[in-house]
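Content type compact mmCIF, C-alpha atoms, from the file final_13.txt:
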```
# COMPACT_ATOMS: atom_id res chain seq x y z
CA MET A 40 45.59 14.08 -57.21
CA LYS A 41 42.55 16.31 -57.60
CA LYS A 42 39.66 15.20 -55.36
CA TRP A 43 37.02 17.76 -56.36
CA LYS A 44 34.93 18.90 -59.26
CA GLU A 45 33.23 22.22 -59.92
CA ILE A 46 29.70 22.66 -61.23
CA LYS A 47 28.80 26.05 -62.69
CA LYS A 48 25.27 27.23 -61.97
CA HIS A 49 23.47 30.47 -62.81
CA GLY A 50 25.33 33.06 -60.69
CA TYR A 51 27.22 30.65 -58.44
CA ASN A 52 29.46 27.58 -58.52
CA ILE A 53 29.34 24.45 -56.38
CA ILE A 54 32.45 22.47 -55.58
CA LEU A 55 32.00 18.82 -54.69
CA ASN A 56 34.91 17.60 -52.58
CA GLU A 57 35.21 13.82 -52.82
CA GLY A 58 34.43 12.47 -49.35
CA GLY A 59 34.57 15.98 -47.91
CA GLN A 60 32.60 19.22 -47.49
CA ASN A 61 30.86 20.67 -50.52
CA ILE A 62 31.26 24.43 -50.89
CA ALA A 63 29.62 27.10 -53.04
CA TYR A 64 30.60 30.61 -54.03
CA SER A 65 29.78 33.35 -56.51
CA PRO A 66 32.46 33.82 -59.18
CA ASN A 67 31.67 37.57 -59.02
CA SER A 68 32.42 37.77 -55.28
CA GLY A 69 36.19 37.87 -55.64
CA VAL A 70 36.53 34.64 -53.64
CA LYS A 71 39.28 32.43 -55.05
CA ILE A 72 39.58 28.69 -54.63
CA ILE A 73 42.80 27.11 -53.41
CA GLU A 74 43.72 23.45 -53.37
CA GLU A 75 45.44 21.51 -50.63
CA ASP A 76 45.91 17.73 -50.44
CA GLY A 77 43.75 17.50 -53.56
CA TYR A 78 40.72 19.22 -51.93
CA ALA A 79 39.25 22.64 -52.71
CA PHE A 80 38.81 25.44 -50.16
CA LYS A 81 37.61 29.04 -50.29
CA ASN A 82 40.48 31.47 -49.81
CA LEU A 83 38.39 33.97 -47.82
CA SER A 84 41.47 35.67 -46.36
CA LYS A 85 42.85 36.25 -49.88
CA SER A 86 46.26 35.28 -48.49
CA GLY A 87 46.89 32.56 -51.08
CA LYS A 88 47.39 30.00 -48.33
CA LEU A 89 44.92 27.87 -46.42
CA GLU A 90 44.12 29.43 -43.04
CA LYS A 91 42.82 27.25 -40.21
CA TYR A 92 39.40 28.92 -40.27
CA GLU A 93 39.06 28.14 -44.00
CA ASP A 94 39.87 24.45 -43.56
CA TRP A 95 36.57 22.56 -43.37
CA ARG A 96 38.48 19.41 -42.30
CA LEU A 97 39.26 20.92 -38.88
CA PRO A 98 36.86 20.91 -35.91
CA VAL A 99 34.50 23.90 -35.79
CA GLU A 100 35.87 25.06 -32.42
CA GLU A 101 39.44 25.19 -33.75
CA ARG A 102 38.31 27.09 -36.85
CA ALA A 103 36.28 29.58 -34.78
CA LYS A 104 39.19 30.24 -32.39
CA ASP A 105 41.51 30.87 -35.32
CA LEU A 106 39.09 33.32 -36.95
CA ALA A 107 38.37 35.12 -33.67
CA SER A 108 42.12 35.54 -33.08
CA LYS A 109 42.37 37.48 -36.34
CA MET A 110 39.45 39.84 -35.55
CA SER A 111 39.39 43.09 -33.62
CA ILE A 112 37.05 43.62 -30.65
CA GLU A 113 35.03 46.01 -32.86
CA GLN A 114 34.60 43.33 -35.55
CA ILE A 115 33.53 40.74 -32.98
CA ALA A 116 31.06 43.21 -31.44
CA GLY A 117 29.64 43.90 -34.91
CA LEU A 118 28.72 40.22 -35.19
CA MET A 119 26.56 40.54 -32.09
CA LEU A 120 24.53 43.56 -33.24
CA TYR A 121 21.58 44.03 -35.57
CA SER A 122 20.86 46.94 -37.86
CA ALA A 123 17.88 49.22 -37.50
CA HIS A 124 14.86 48.09 -39.52
CA GLN A 125 15.65 47.92 -43.22
CA SER A 126 13.10 47.81 -46.00
CA ILE A 127 13.86 46.34 -49.41
CA SER A 128 10.55 46.94 -51.14
CA THR A 129 8.78 49.05 -53.74
CA LYS A 130 9.03 52.84 -53.95
CA ASP A 131 5.44 53.41 -52.89
CA ASP A 132 5.42 50.96 -49.99
CA PHE A 133 4.67 52.33 -46.51
CA PHE A 134 7.77 50.70 -45.02
CA SER A 135 10.04 52.06 -47.74
CA LYS A 136 8.89 55.57 -46.82
CA ALA A 137 8.94 54.98 -43.06
CA PHE A 138 12.46 53.53 -43.11
CA ALA A 139 13.72 55.37 -46.19
CA GLY A 140 17.40 55.71 -46.76
CA THR A 141 19.31 57.83 -49.22
CA TYR A 142 21.34 56.90 -52.29
CA ASN A 143 24.33 59.19 -52.71
CA GLY A 144 22.45 61.70 -50.56
CA LYS A 145 19.20 61.56 -52.57
CA LYS A 146 15.85 59.86 -52.03
CA LEU A 147 15.16 56.82 -54.20
CA GLU A 148 12.60 58.63 -56.36
CA GLU A 149 15.09 61.50 -56.95
CA CYS A 150 17.83 59.38 -58.51
CA ASP A 151 18.45 56.41 -60.77
CA ALA A 152 19.14 53.98 -57.89
CA LYS A 153 17.31 50.67 -57.71
CA ILE A 154 15.46 49.36 -54.66
CA THR A 155 18.06 46.56 -54.60
CA ASP A 156 20.94 49.04 -54.18
CA LEU A 157 22.42 49.54 -50.74
CA THR A 158 21.46 52.82 -49.09
CA ASP A 159 24.02 55.26 -47.75
CA GLN A 160 22.98 54.24 -44.24
CA GLN A 161 23.40 50.53 -44.98
CA LYS A 162 26.84 51.09 -46.48
CA ASN A 163 27.80 53.09 -43.40
CA PHE A 164 26.82 50.49 -40.81
CA LEU A 165 28.38 47.69 -42.84
CA LEU A 166 31.65 49.47 -43.65
CA ASN A 167 32.19 51.70 -40.62
CA ASP A 168 30.33 50.07 -37.74
CA ASN A 169 31.32 46.43 -38.45
CA LEU A 170 27.65 45.46 -38.32
CA ARG A 171 26.96 42.10 -39.96
CA HIS A 172 23.31 41.27 -39.17
CA VAL A 173 20.72 43.17 -41.18
CA LEU A 174 17.14 43.19 -39.96
CA ILE A 175 14.97 43.13 -43.06
CA THR A 176 11.34 43.96 -42.30
CA VAL A 177 9.74 44.03 -45.74
CA VAL A 178 10.75 42.75 -49.15
CA ASP A 179 8.70 42.31 -52.32
CA ASP A 180 9.98 38.90 -53.34
CA ALA A 181 12.83 36.42 -53.06
CA LYS A 182 14.57 37.68 -56.20
CA THR A 183 14.67 41.26 -54.89
CA SER A 184 16.05 39.99 -51.59
CA ALA A 185 18.69 37.84 -53.31
CA VAL A 186 19.89 40.71 -55.53
CA TRP A 187 20.11 43.05 -52.52
CA MET A 188 21.97 40.47 -50.42
CA TYR A 189 24.41 39.78 -53.25
CA LYS A 190 25.31 43.48 -53.17
CA LEU A 191 26.31 43.12 -49.51
CA LEU A 192 29.38 41.18 -50.59
```

Rewritten as structure tokens:
Amino acid sequence: MKKWKEIKKHGYNIILNEGGQNIAYSPNSGVKIIEEDGYAFKNLSKSGKLEKYEDWRLPVEERAKDLASKMSIEQIAGLMLYSAHQSISTKDDFFSKAFAGTYNGKKLEECDAKITDLTDQQKNFLLNDNLRHVLITVVDDAKTSAVWMYKLL
């Protein structure tokens, strides 16, 4: 018996689990929902089965231990580090110039990239260095920040 319902919002969906944890996700993220015992869960592992760390019914410590057991030392270390200063701002902003990155090897003003696109340097530390905490120093507005963060997925 299904014990959840899904509400579609602008850019994300919320799942209300009856008597359980509510969850949200972006349909564009590639995250799939799986059902067990009538409840909905995010299938973050993409395995098609409910992993312990995905099961919000379990104690946090048990979930954390399960996830940590599946991670490499490099991935765990990446969770403990922060990026260099990152600016997500306008082209003519002081911080954008001081902490400027490149987009496919070019400066922002030399290409058709948007300020909300990930820089080459950001892609590198996220993909190759396992870094997961990004230190944002300047951003124009919440919408710009949200669009940039969505691209991190």

Would you compute the distance between CA of Phe164 (chain A) and CA of Met188 (chain A)? Give it in Å to one decimal. 14.7 Å

Applying 6 Å and all atoms listed in the file, which residues near Thr158 (chain A) remain after dropping the ones on its own chain fewer than 5 positions away? List them as a list of chain:residue names. A:Gly140, A:Thr141, A:Tyr142

Quote the spacing between CA of Ile53 (chain A) and CA of Val173 (chain A) in Å to one decimal place.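 Rounded to one decimal, the two atoms are 25.6 Å apart.
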
Calculate how many Å separate CA of Ile127 (chain A) from CA of Trp187 (chain A), rounding to one decimal. 7.7 Å

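Across A:Val99, A:Gly59, A:Glu75, A:Thr155, the tightest approach to Ala181 (chain A) is made by A:Thr155 when counting all atoms listed in the file.
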
Just the residues within 12 Å of Ala107 (chain A), please, counting all atoms listed in the file, with nothing from its chain fewer than 5 positions along; format it as a PyMOL selection string. chain A and resi 91-92+100-102+112-116+118

Let's have the selection written as a PDB file, in the coordinates of the input, with C-alpha atoms.
```pdb
ATOM      1  CA  LYS A  91      42.820  27.250 -40.210  1.00  0.00           C
ATOM      2  CA  TYR A  92      39.400  28.920 -40.270  1.00  0.00           C
ATOM      3  CA  GLU A 100      35.870  25.060 -32.420  1.00  0.00           C
ATOM      4  CA  GLU A 101      39.440  25.190 -33.750  1.00  0.00           C
ATOM      5  CA  ARG A 102      38.310  27.090 -36.850  1.00  0.00           C
ATOM      6  CA  ILE A 112      37.050  43.620 -30.650  1.00  0.00           C
ATOM      7  CA  GLU A 113      35.030  46.010 -32.860  1.00  0.00           C
ATOM      8  CA  GLN A 114      34.600  43.330 -35.550  1.00  0.00           C
ATOM      9  CA  ILE A 115      33.530  40.740 -32.980  1.00  0.00           C
ATOM     10  CA  ALA A 116      31.060  43.210 -31.440  1.00  0.00           C
ATOM     11  CA  LEU A 118      28.720  40.220 -35.190  1.00  0.00           C
TER      12      LEU A 118
END
```

All residues 8 Å or closer to Leu120 (chain A), only C-alpha atoms, same chain fewer than 4 positions away omitted, as a PyMOL selection string: chain A and resi 116+170-172

Measuring between all atoms listed in the file, which one of A:Met119, A:Ala139, A:Ala63, A:Ala79 shows the shortest distance to Asp168 (chain A)?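 Looking at the shortest contact to Asp168 (chain A), the residue is A:Met119.
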
Nearest to Tyr78 (chain A), chosen from A:Ile175, A:Met40, A:Met110, A:Leu97, with all atoms listed in the file counted in the distances: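 For Tyr78 (chain A), the nearest of the given residues is A:Met40.
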